[in-house]
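One file, run32.cif, carrying mmCIF, N, CA and C atoms and all ligand atoms:
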data_entry
loop_
_atom_site.label_atom_id
_atom_site.label_comp_id
_atom_site.auth_asym_id
_atom_site.auth_seq_id
_atom_site.Cartn_x
_atom_site.Cartn_y
_atom_site.Cartn_z
N MET A 275 -6.14 16.28 5.84
CA MET A 275 -6.64 15.16 6.63
C MET A 275 -5.47 14.38 7.22
N GLU A 276 -5.52 14.16 8.53
CA GLU A 276 -4.42 13.49 9.20
C GLU A 276 -4.39 11.99 8.91
N GLU A 277 -5.50 11.31 9.22
CA GLU A 277 -5.50 9.85 9.08
C GLU A 277 -6.89 9.37 8.70
N ILE A 278 -6.94 8.46 7.74
CA ILE A 278 -8.20 7.86 7.29
C ILE A 278 -8.45 6.62 8.14
N PRO A 279 -9.68 6.36 8.58
CA PRO A 279 -9.95 5.12 9.32
C PRO A 279 -9.49 3.91 8.52
N GLU A 280 -9.08 2.88 9.23
CA GLU A 280 -8.47 1.72 8.57
C GLU A 280 -9.50 0.73 8.04
N PHE A 281 -9.28 0.28 6.82
CA PHE A 281 -10.09 -0.78 6.19
C PHE A 281 -9.17 -1.91 5.77
N ARG A 282 -9.56 -3.12 6.06
CA ARG A 282 -8.85 -4.27 5.51
C ARG A 282 -9.40 -4.49 4.10
N VAL A 283 -8.55 -4.87 3.17
CA VAL A 283 -8.96 -5.11 1.79
C VAL A 283 -8.66 -6.56 1.45
N ARG A 284 -9.68 -7.27 0.99
CA ARG A 284 -9.49 -8.68 0.61
C ARG A 284 -9.58 -8.80 -0.91
N LEU A 285 -8.68 -9.60 -1.46
CA LEU A 285 -8.65 -9.80 -2.90
C LEU A 285 -9.71 -10.78 -3.33
N GLU A 286 -10.37 -10.47 -4.43
CA GLU A 286 -11.31 -11.39 -5.04
C GLU A 286 -10.88 -11.59 -6.49
N PRO A 287 -10.19 -12.68 -6.77
CA PRO A 287 -9.72 -12.88 -8.14
C PRO A 287 -10.88 -12.97 -9.11
N VAL A 288 -10.73 -12.31 -10.24
CA VAL A 288 -11.76 -12.33 -11.27
C VAL A 288 -11.25 -13.24 -12.39
N GLY A 289 -11.71 -14.47 -12.38
CA GLY A 289 -11.34 -15.40 -13.44
C GLY A 289 -10.15 -16.28 -13.11
N ALA A 290 -9.95 -17.25 -13.94
CA ALA A 290 -8.91 -18.26 -13.73
C ALA A 290 -7.51 -17.67 -13.86
N ASP A 291 -7.33 -16.70 -14.74
CA ASP A 291 -6.01 -16.08 -14.90
C ASP A 291 -5.55 -15.47 -13.58
N ALA A 292 -6.44 -14.79 -12.90
CA ALA A 292 -6.08 -14.16 -11.63
C ALA A 292 -5.84 -15.21 -10.55
N ARG A 293 -6.70 -16.20 -10.48
CA ARG A 293 -6.51 -17.27 -9.47
C ARG A 293 -5.16 -17.97 -9.66
N ALA A 294 -4.74 -18.09 -10.90
CA ALA A 294 -3.51 -18.83 -11.22
C ALA A 294 -2.25 -18.14 -10.71
N VAL A 295 -2.28 -16.83 -10.53
CA VAL A 295 -1.06 -16.11 -10.12
C VAL A 295 -1.05 -15.75 -8.64
N LEU A 296 -2.08 -16.14 -7.90
CA LEU A 296 -2.16 -15.83 -6.47
C LEU A 296 -1.25 -16.76 -5.67
N GLY A 297 -0.57 -16.20 -4.69
CA GLY A 297 0.12 -17.03 -3.71
C GLY A 297 1.61 -17.19 -3.95
N PHE A 298 2.27 -17.59 -2.87
CA PHE A 298 3.72 -17.69 -2.84
C PHE A 298 4.13 -19.09 -2.38
N ALA A 299 5.17 -19.62 -2.99
CA ALA A 299 5.66 -20.93 -2.60
C ALA A 299 6.34 -20.88 -1.23
N ALA A 300 7.09 -19.81 -0.99
CA ALA A 300 7.86 -19.73 0.26
C ALA A 300 7.89 -18.30 0.78
N ALA A 301 6.80 -17.86 1.39
CA ALA A 301 6.77 -16.53 2.00
C ALA A 301 5.93 -16.63 3.28
N ALA A 302 6.08 -15.66 4.17
CA ALA A 302 5.31 -15.65 5.41
C ALA A 302 3.81 -15.63 5.08
N ASP A 303 2.99 -16.16 5.99
CA ASP A 303 1.55 -16.30 5.74
C ASP A 303 0.87 -14.98 5.39
N GLU A 304 1.32 -13.87 6.00
CA GLU A 304 0.63 -12.59 5.79
C GLU A 304 0.95 -11.99 4.41
N VAL A 305 2.03 -12.42 3.79
CA VAL A 305 2.42 -11.86 2.49
C VAL A 305 1.33 -12.16 1.46
N GLY A 306 0.92 -11.13 0.74
CA GLY A 306 -0.17 -11.26 -0.22
C GLY A 306 -1.51 -10.85 0.37
N HIS A 307 -1.56 -10.63 1.69
CA HIS A 307 -2.81 -10.26 2.38
C HIS A 307 -2.68 -8.94 3.12
N ARG A 308 -1.69 -8.13 2.78
CA ARG A 308 -1.44 -6.90 3.52
C ARG A 308 -2.06 -5.68 2.85
N HIS A 309 -3.00 -5.91 1.94
CA HIS A 309 -3.71 -4.80 1.30
C HIS A 309 -4.51 -4.05 2.36
N GLN A 310 -4.57 -2.74 2.23
CA GLN A 310 -5.20 -1.93 3.28
C GLN A 310 -5.56 -0.57 2.73
N LEU A 311 -6.68 -0.02 3.21
CA LEU A 311 -7.02 1.38 2.95
C LEU A 311 -7.04 2.10 4.29
N GLY A 312 -6.49 3.29 4.32
CA GLY A 312 -6.49 4.09 5.54
C GLY A 312 -5.60 3.51 6.61
N GLY A 313 -5.79 4.01 7.81
CA GLY A 313 -4.94 3.59 8.93
C GLY A 313 -3.52 4.09 8.74
N ARG A 314 -2.58 3.30 9.17
CA ARG A 314 -1.17 3.68 9.06
C ARG A 314 -0.43 2.64 8.23
N PRO A 315 0.53 3.07 7.45
CA PRO A 315 1.25 2.10 6.61
C PRO A 315 2.04 1.11 7.46
N THR A 316 2.09 -0.11 7.02
CA THR A 316 2.97 -1.09 7.65
C THR A 316 4.24 -1.14 6.80
N TRP A 317 5.14 -0.22 7.08
CA TRP A 317 6.37 -0.10 6.30
C TRP A 317 7.20 -1.37 6.40
N LEU A 318 7.79 -1.75 5.30
CA LEU A 318 8.72 -2.88 5.29
C LEU A 318 10.14 -2.37 5.54
N GLN A 319 10.37 -1.10 5.20
CA GLN A 319 11.66 -0.45 5.43
C GLN A 319 11.36 0.78 6.29
N ASP A 320 12.22 1.78 6.22
CA ASP A 320 12.01 3.00 7.00
C ASP A 320 10.78 3.77 6.51
N ASP A 321 10.21 4.58 7.41
CA ASP A 321 9.09 5.46 7.07
C ASP A 321 9.52 6.40 5.94
N GLN A 322 8.79 6.37 4.83
CA GLN A 322 9.10 7.24 3.69
C GLN A 322 7.91 8.13 3.34
N THR A 323 7.12 8.51 4.35
CA THR A 323 5.96 9.37 4.09
C THR A 323 6.39 10.61 3.33
N PRO A 324 5.84 10.83 2.14
CA PRO A 324 6.28 11.98 1.33
C PRO A 324 5.60 13.27 1.75
N THR A 325 6.18 14.38 1.32
CA THR A 325 5.54 15.68 1.46
C THR A 325 5.01 16.09 0.09
N CYS A 326 3.95 16.87 0.10
CA CYS A 326 3.30 17.30 -1.13
C CYS A 326 4.21 18.27 -1.90
N ARG A 327 4.32 18.05 -3.21
CA ARG A 327 5.16 18.92 -4.03
C ARG A 327 4.56 20.32 -4.15
N ASP A 328 3.24 20.43 -3.98
CA ASP A 328 2.59 21.73 -4.14
C ASP A 328 2.62 22.55 -2.84
N CYS A 329 2.14 21.95 -1.73
CA CYS A 329 1.99 22.73 -0.49
C CYS A 329 3.07 22.43 0.55
N GLY A 330 3.84 21.37 0.32
CA GLY A 330 4.91 21.05 1.25
C GLY A 330 4.49 20.33 2.51
N GLU A 331 3.19 20.02 2.64
CA GLU A 331 2.73 19.34 3.85
C GLU A 331 2.89 17.83 3.73
N ARG A 332 2.98 17.19 4.89
CA ARG A 332 3.08 15.74 4.95
C ARG A 332 1.81 15.14 4.33
N MET A 333 1.96 14.18 3.44
CA MET A 333 0.81 13.63 2.72
C MET A 333 0.08 12.59 3.57
N THR A 334 -1.21 12.40 3.27
CA THR A 334 -2.04 11.44 4.00
C THR A 334 -1.90 10.05 3.39
N PHE A 335 -1.68 9.06 4.24
CA PHE A 335 -1.61 7.67 3.77
C PHE A 335 -3.00 7.24 3.31
N TYR A 336 -3.10 6.84 2.06
CA TYR A 336 -4.40 6.40 1.53
C TYR A 336 -4.53 4.88 1.55
N GLY A 337 -3.44 4.18 1.27
CA GLY A 337 -3.52 2.73 1.31
C GLY A 337 -2.25 2.08 0.82
N GLN A 338 -2.23 0.77 0.94
CA GLN A 338 -1.08 -0.01 0.47
C GLN A 338 -1.58 -1.24 -0.25
N LEU A 339 -0.80 -1.64 -1.27
CA LEU A 339 -1.13 -2.82 -2.07
C LEU A 339 0.04 -3.79 -1.99
N ASP A 340 -0.29 -5.03 -1.73
CA ASP A 340 0.71 -6.06 -1.51
C ASP A 340 1.10 -6.72 -2.83
N SER A 341 2.19 -7.46 -2.80
CA SER A 341 2.53 -8.34 -3.91
C SER A 341 1.42 -9.38 -4.05
N ILE A 342 1.29 -9.93 -5.24
CA ILE A 342 0.17 -10.83 -5.53
C ILE A 342 0.58 -12.30 -5.43
N GLY A 343 1.72 -12.61 -5.98
CA GLY A 343 2.17 -14.00 -5.98
C GLY A 343 3.58 -14.08 -6.51
N ASP A 344 4.10 -15.29 -6.61
CA ASP A 344 5.48 -15.45 -7.06
C ASP A 344 5.73 -14.82 -8.42
N ASP A 345 4.72 -14.81 -9.29
CA ASP A 345 4.90 -14.25 -10.63
C ASP A 345 4.69 -12.74 -10.67
N ILE A 346 3.99 -12.19 -9.68
CA ILE A 346 3.74 -10.74 -9.63
C ILE A 346 4.12 -10.25 -8.24
N SER A 347 5.43 -10.15 -8.04
CA SER A 347 5.98 -9.78 -6.75
C SER A 347 6.70 -8.45 -6.87
N LEU A 348 6.36 -7.50 -6.00
CA LEU A 348 6.96 -6.17 -6.03
C LEU A 348 8.29 -6.19 -5.28
N ALA A 349 9.38 -6.16 -6.01
CA ALA A 349 10.71 -6.05 -5.39
C ALA A 349 10.87 -7.05 -4.24
N ASP A 350 10.71 -8.33 -4.54
CA ASP A 350 10.89 -9.39 -3.54
C ASP A 350 9.85 -9.28 -2.40
N VAL A 351 8.65 -9.63 -2.70
CA VAL A 351 7.48 -9.59 -1.80
C VAL A 351 7.33 -8.24 -1.09
N GLY A 352 7.48 -7.19 -1.86
CA GLY A 352 7.31 -5.85 -1.32
C GLY A 352 5.89 -5.35 -1.45
N MET A 353 5.73 -4.07 -1.16
CA MET A 353 4.41 -3.43 -1.25
C MET A 353 4.56 -2.05 -1.86
N VAL A 354 3.43 -1.55 -2.39
CA VAL A 354 3.40 -0.18 -2.87
C VAL A 354 2.44 0.60 -1.98
N TYR A 355 2.86 1.80 -1.57
CA TYR A 355 2.12 2.65 -0.64
C TYR A 355 1.66 3.89 -1.39
N VAL A 356 0.42 4.27 -1.19
CA VAL A 356 -0.14 5.42 -1.90
C VAL A 356 -0.48 6.53 -0.89
N PHE A 357 -0.06 7.73 -1.23
CA PHE A 357 -0.30 8.90 -0.38
C PHE A 357 -0.99 9.98 -1.20
N VAL A 358 -1.85 10.75 -0.56
CA VAL A 358 -2.54 11.83 -1.25
C VAL A 358 -2.46 13.11 -0.42
N CYS A 359 -2.58 14.24 -1.11
CA CYS A 359 -2.75 15.53 -0.46
C CYS A 359 -4.18 15.97 -0.74
N PHE A 360 -4.97 16.11 0.32
CA PHE A 360 -6.36 16.50 0.14
C PHE A 360 -6.51 17.99 -0.14
N ASN A 361 -5.43 18.75 0.04
CA ASN A 361 -5.48 20.17 -0.33
C ASN A 361 -5.37 20.34 -1.84
N ASP A 362 -4.47 19.55 -2.43
CA ASP A 362 -4.11 19.77 -3.83
C ASP A 362 -4.50 18.61 -4.74
N PHE A 363 -5.04 17.52 -4.17
CA PHE A 363 -5.37 16.33 -4.95
C PHE A 363 -4.17 15.83 -5.74
N GLU A 364 -3.04 15.83 -5.04
CA GLU A 364 -1.82 15.23 -5.57
C GLU A 364 -1.70 13.83 -4.98
N ALA A 365 -1.05 12.93 -5.69
CA ALA A 365 -0.83 11.56 -5.20
C ALA A 365 0.62 11.17 -5.44
N ARG A 366 1.13 10.35 -4.52
CA ARG A 366 2.48 9.79 -4.68
C ARG A 366 2.43 8.32 -4.29
N ALA A 367 3.26 7.54 -4.93
CA ALA A 367 3.38 6.11 -4.59
C ALA A 367 4.82 5.81 -4.22
N ILE A 368 4.98 4.98 -3.20
CA ILE A 368 6.30 4.57 -2.72
C ILE A 368 6.34 3.04 -2.78
N LEU A 369 7.40 2.47 -3.32
CA LEU A 369 7.52 1.02 -3.36
C LEU A 369 8.67 0.60 -2.45
N GLN A 370 8.40 -0.38 -1.60
CA GLN A 370 9.46 -0.92 -0.74
C GLN A 370 9.56 -2.43 -0.92
N SER A 371 10.77 -2.93 -0.83
CA SER A 371 10.97 -4.37 -0.96
C SER A 371 10.79 -5.05 0.39
N GLY A 372 10.44 -6.33 0.33
CA GLY A 372 10.18 -7.09 1.56
C GLY A 372 11.45 -7.58 2.20
ZN ZN R 401 -0.54 19.67 -1.03
#
Give the structure from this file in structure tokens form.
Ligand SMILES: [Zn+2]
Amino acid sequence: MEEIPEFRVRLEPVGADARAVLGFAAAADEVGHRHQLGGRPTWLQDDQTPTCRDCGERMTFYGQLDSIGDDISLADVGMVYVFVCFNDFEARAILQSG
């Protein structure tokens, strides 16, 4: 599969513990809201689309998950990107810093 249609993903904190860690004191407005399924990755650094270890083909972008807040920040307001191979049901994750 080449590309999955794009879905915006909105966070719904479950409980006070989750609400307490949401948000950043000093980051751009979009940080923390860049969660997404399908479409194309919004890379923070260079394109790092992986190839499948089994078949060697370029993997399909499945989605990206953003940093959550100042206490749960991926490598300085970074994101984690998830890729899958629909031939082999392999998955890879790439983390980039903001
Ligand atoms: Zn594969």
Report as CSV the residues of chain A within 12 Å of ligand ZN 401 (chain R), each with its shortest atom pair and distance in Å (one decimal), using only C-alpha atoms and all ligand atoms, ordered by chain and increasing residue number.
residue,atom,partner,partner_atom,distance
A:Met275,CA,R:ZN401,ZN,10.8
A:Pro324,CA,R:ZN401,ZN,10.5
A:Thr325,CA,R:ZN401,ZN,7.7
A:Cys326,CA,R:ZN401,ZN,4.5
A:Arg327,CA,R:ZN401,ZN,6.5
A:Asp328,CA,R:ZN401,ZN,4.9
A:Cys329,CA,R:ZN401,ZN,4.0
A:Gly330,CA,R:ZN401,ZN,6.1
A:Glu331,CA,R:ZN401,ZN,5.9
A:Arg332,CA,R:ZN401,ZN,8.0
A:Met333,CA,R:ZN401,ZN,7.2
A:Thr334,CA,R:ZN401,ZN,9.8
A:Phe357,CA,R:ZN401,ZN,10.8
A:Val358,CA,R:ZN401,ZN,8.1
A:Cys359,CA,R:ZN401,ZN,4.7
A:Phe360,CA,R:ZN401,ZN,6.7
A:Asn361,CA,R:ZN401,ZN,5.0
A:Asp362,CA,R:ZN401,ZN,4.5
A:Phe363,CA,R:ZN401,ZN,7.1
A:Glu364,CA,R:ZN401,ZN,6.5
A:Ala365,CA,R:ZN401,ZN,9.1
A:Arg366,CA,R:ZN401,ZN,11.0
message: For the helix (DSSP H, G or I) assignment from backbone DSSP, which residues of segment 284-354 of chain A qualify? Please present them as a list in words.
response: Ala290, Asp291, Ala292, Arg293, Ala294 and Val295 of chain A
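Atom pair atom CA of Leu318 of chain A / atom C of Ala301 of chain A has a distance of 14.2 Å (rounded to one decimal).
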task: Fewer than 4 positions away in the same chain doesn't count, so skip those; otherwise give me all residues within 7 Å of Arg308 of chain A, counting only C-alpha atoms, as an MDAnalysis selection string.
output: chainID A and resid 304 339:340
Put a box with edges along x, y and z around all the listed atoms of segment 329-342 of chain A, pad it by 8 Å on each side, then give me its centre and sizes in Å, one decimal, as JSON.
{"center_x": 0.2, "center_y": 5.2, "center_z": -0.3, "size_x": 25.4, "size_y": 51.0, "size_z": 26.5}
- prompt: Around (9.5, -4.2, -4.1) in the file's own coordinates, what residues are found within 6 Å if you use only N, CA and C atoms, given back as number ranges by chain?
  reply: A: 347-353, 369-372
- request: In Å, rounded to a single decimal, give me how far atom CA of Val295 of chain A is from atom C of Gln338 of chain A.
  value: 17.9 Å
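Take atom N of Ile346 of chain A and atom C of Ala299 of chain A: the distance between them is 12.3 Å.
Of the listed residues A:Tyr336, A:Tyr355, A:Pro279, A:Leu285, the one whose atoms come nearest to His307 of chain A is A:Leu285, with distances taken using only N, CA and C atoms.
For the choices A:Ser341, A:Thr323, A:Gln310, A:Thr316, the atom-to-atom distance to Ala367 of chain A is smallest for A:Thr323 when using only C-alpha atoms.
When only N, CA and C atoms are used to compute distances to Leu296 of chain A, the closest of the residues A:Phe335, A:Asp345, A:Gln319, A:Leu311 turns out to be A:Asp345.
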- prompt: Nearest to Phe281 of chain A among A:Ile342, A:Gly312, A:Asp320, A:Gly337, with distances taken over only N, CA and C atoms: which residue is it?
  reply: A:Gly312
Just save segment 280-369 of chain A with C-alpha atoms, as an mmCIF file, in the first residue's frame.
data_model
loop_
_atom_site.group_PDB
_atom_site.id
_atom_site.type_symbol
_atom_site.label_atom_id
_atom_site.label_comp_id
_atom_site.auth_asym_id
_atom_site.auth_seq_id
_atom_site.Cartn_x
_atom_site.Cartn_y
_atom_site.Cartn_z
ATOM 1 C CA GLU A 280 -5.010 11.131 6.220
ATOM 2 C CA PHE A 281 -6.797 11.316 9.584
ATOM 3 C CA ARG A 282 -6.280 13.988 12.193
ATOM 4 C CA VAL A 283 -6.054 12.509 15.698
ATOM 5 C CA ARG A 284 -7.195 14.490 18.731
ATOM 6 C CA LEU A 285 -6.143 13.601 22.248
ATOM 7 C CA GLU A 286 -8.775 12.945 24.873
ATOM 8 C CA PRO A 287 -7.133 12.771 28.285
ATOM 9 C CA VAL A 288 -8.553 10.036 30.475
ATOM 10 C CA GLY A 289 -8.522 11.317 34.027
ATOM 11 C CA ALA A 290 -6.772 14.024 35.973
ATOM 12 C CA ASP A 291 -3.331 12.412 35.703
ATOM 13 C CA ALA A 292 -3.425 12.736 31.927
ATOM 14 C CA ARG A 293 -4.819 16.285 31.974
ATOM 15 C CA ALA A 294 -2.034 17.302 34.357
ATOM 16 C CA VAL A 295 0.787 16.428 31.926
ATOM 17 C CA LEU A 296 -0.718 17.992 28.772
ATOM 18 C CA GLY A 297 0.829 21.086 27.273
ATOM 19 C CA PHE A 298 4.044 23.034 27.010
ATOM 20 C CA ALA A 299 5.161 26.210 28.733
ATOM 21 C CA ALA A 300 7.152 27.461 25.744
ATOM 22 C CA ALA A 301 6.568 25.655 22.447
ATOM 23 C CA ALA A 302 4.883 26.517 19.142
ATOM 24 C CA ASP A 303 1.069 26.236 19.185
ATOM 25 C CA GLU A 304 0.994 23.124 16.977
ATOM 26 C CA VAL A 305 3.337 21.151 19.260
ATOM 27 C CA GLY A 306 1.349 18.471 21.065
ATOM 28 C CA HIS A 307 -1.339 18.475 18.328
ATOM 29 C CA ARG A 308 0.568 16.848 15.462
ATOM 30 C CA HIS A 309 -0.851 13.352 16.008
ATOM 31 C CA GLN A 310 -1.934 11.846 12.703
ATOM 32 C CA LEU A 311 -2.907 8.597 11.008
ATOM 33 C CA GLY A 312 -2.159 8.078 7.343
ATOM 34 C CA GLY A 313 -1.239 10.790 4.900
ATOM 35 C CA ARG A 314 2.404 11.779 4.808
ATOM 36 C CA PRO A 315 4.728 12.255 7.758
ATOM 37 C CA THR A 316 5.542 15.790 8.797
ATOM 38 C CA TRP A 317 9.230 15.138 9.374
ATOM 39 C CA LEU A 318 11.023 17.347 11.857
ATOM 40 C CA GLN A 319 14.375 16.297 10.375
ATOM 41 C CA ASP A 320 15.262 14.580 7.100
ATOM 42 C CA ASP A 321 12.982 11.929 5.561
ATOM 43 C CA GLN A 322 13.846 8.624 7.269
ATOM 44 C CA THR A 323 11.232 6.376 5.653
ATOM 45 C CA PRO A 324 12.500 2.854 6.380
ATOM 46 C CA THR A 325 12.582 -0.159 4.105
ATOM 47 C CA CYS A 326 11.141 -3.483 5.233
ATOM 48 C CA ARG A 327 13.695 -5.904 6.676
ATOM 49 C CA ASP A 328 11.852 -8.834 5.079
ATOM 50 C CA CYS A 329 10.994 -7.708 1.524
ATOM 51 C CA GLY A 330 13.200 -4.648 1.142
ATOM 52 C CA GLU A 331 10.352 -2.404 -0.019
ATOM 53 C CA ARG A 332 9.742 1.128 1.192
ATOM 54 C CA MET A 333 7.392 0.920 4.190
ATOM 55 C CA THR A 334 3.978 2.620 4.381
ATOM 56 C CA PHE A 335 3.593 5.544 6.774
ATOM 57 C CA TYR A 336 0.932 4.550 9.282
ATOM 58 C CA GLY A 337 1.000 7.526 11.619
ATOM 59 C CA GLN A 338 2.858 9.825 13.934
ATOM 60 C CA LEU A 339 2.543 10.573 17.632
ATOM 61 C CA ASP A 340 3.528 13.902 19.100
ATOM 62 C CA SER A 341 5.112 14.808 22.408
ATOM 63 C CA ILE A 342 2.502 15.218 25.139
ATOM 64 C CA GLY A 343 3.793 17.964 27.384
ATOM 65 C CA ASP A 344 6.824 19.349 29.157
ATOM 66 C CA ASP A 345 7.021 16.239 31.351
ATOM 67 C CA ILE A 346 6.535 13.753 28.477
ATOM 68 C CA SER A 347 8.514 15.225 25.614
ATOM 69 C CA LEU A 348 10.161 13.057 22.940
ATOM 70 C CA ALA A 349 13.715 14.304 22.417
ATOM 71 C CA ASP A 350 12.892 18.008 22.862
ATOM 72 C CA VAL A 351 9.315 18.266 21.510
ATOM 73 C CA GLY A 352 9.921 15.567 18.936
ATOM 74 C CA MET A 353 7.640 12.960 17.418
ATOM 75 C CA VAL A 354 7.611 9.235 16.828
ATOM 76 C CA TYR A 355 6.698 7.949 13.344
ATOM 77 C CA VAL A 356 5.296 4.480 12.711
ATOM 78 C CA PHE A 357 5.701 2.575 9.447
ATOM 79 C CA VAL A 358 4.307 -0.791 8.413
ATOM 80 C CA CYS A 359 4.821 -3.288 5.609
ATOM 81 C CA PHE A 360 1.459 -4.648 4.500
ATOM 82 C CA ASN A 361 3.190 -7.555 2.761
ATOM 83 C CA ASP A 362 4.905 -8.871 5.861
ATOM 84 C CA PHE A 363 3.088 -7.134 8.752
ATOM 85 C CA GLU A 364 6.354 -5.708 9.960
ATOM 86 C CA ALA A 365 6.452 -2.367 11.806
ATOM 87 C CA ARG A 366 9.180 0.177 12.474
ATOM 88 C CA ALA A 367 9.222 3.333 14.557
ATOM 89 C CA ILE A 368 11.443 6.357 13.990
ATOM 90 C CA LEU A 369 11.926 9.095 16.593
#
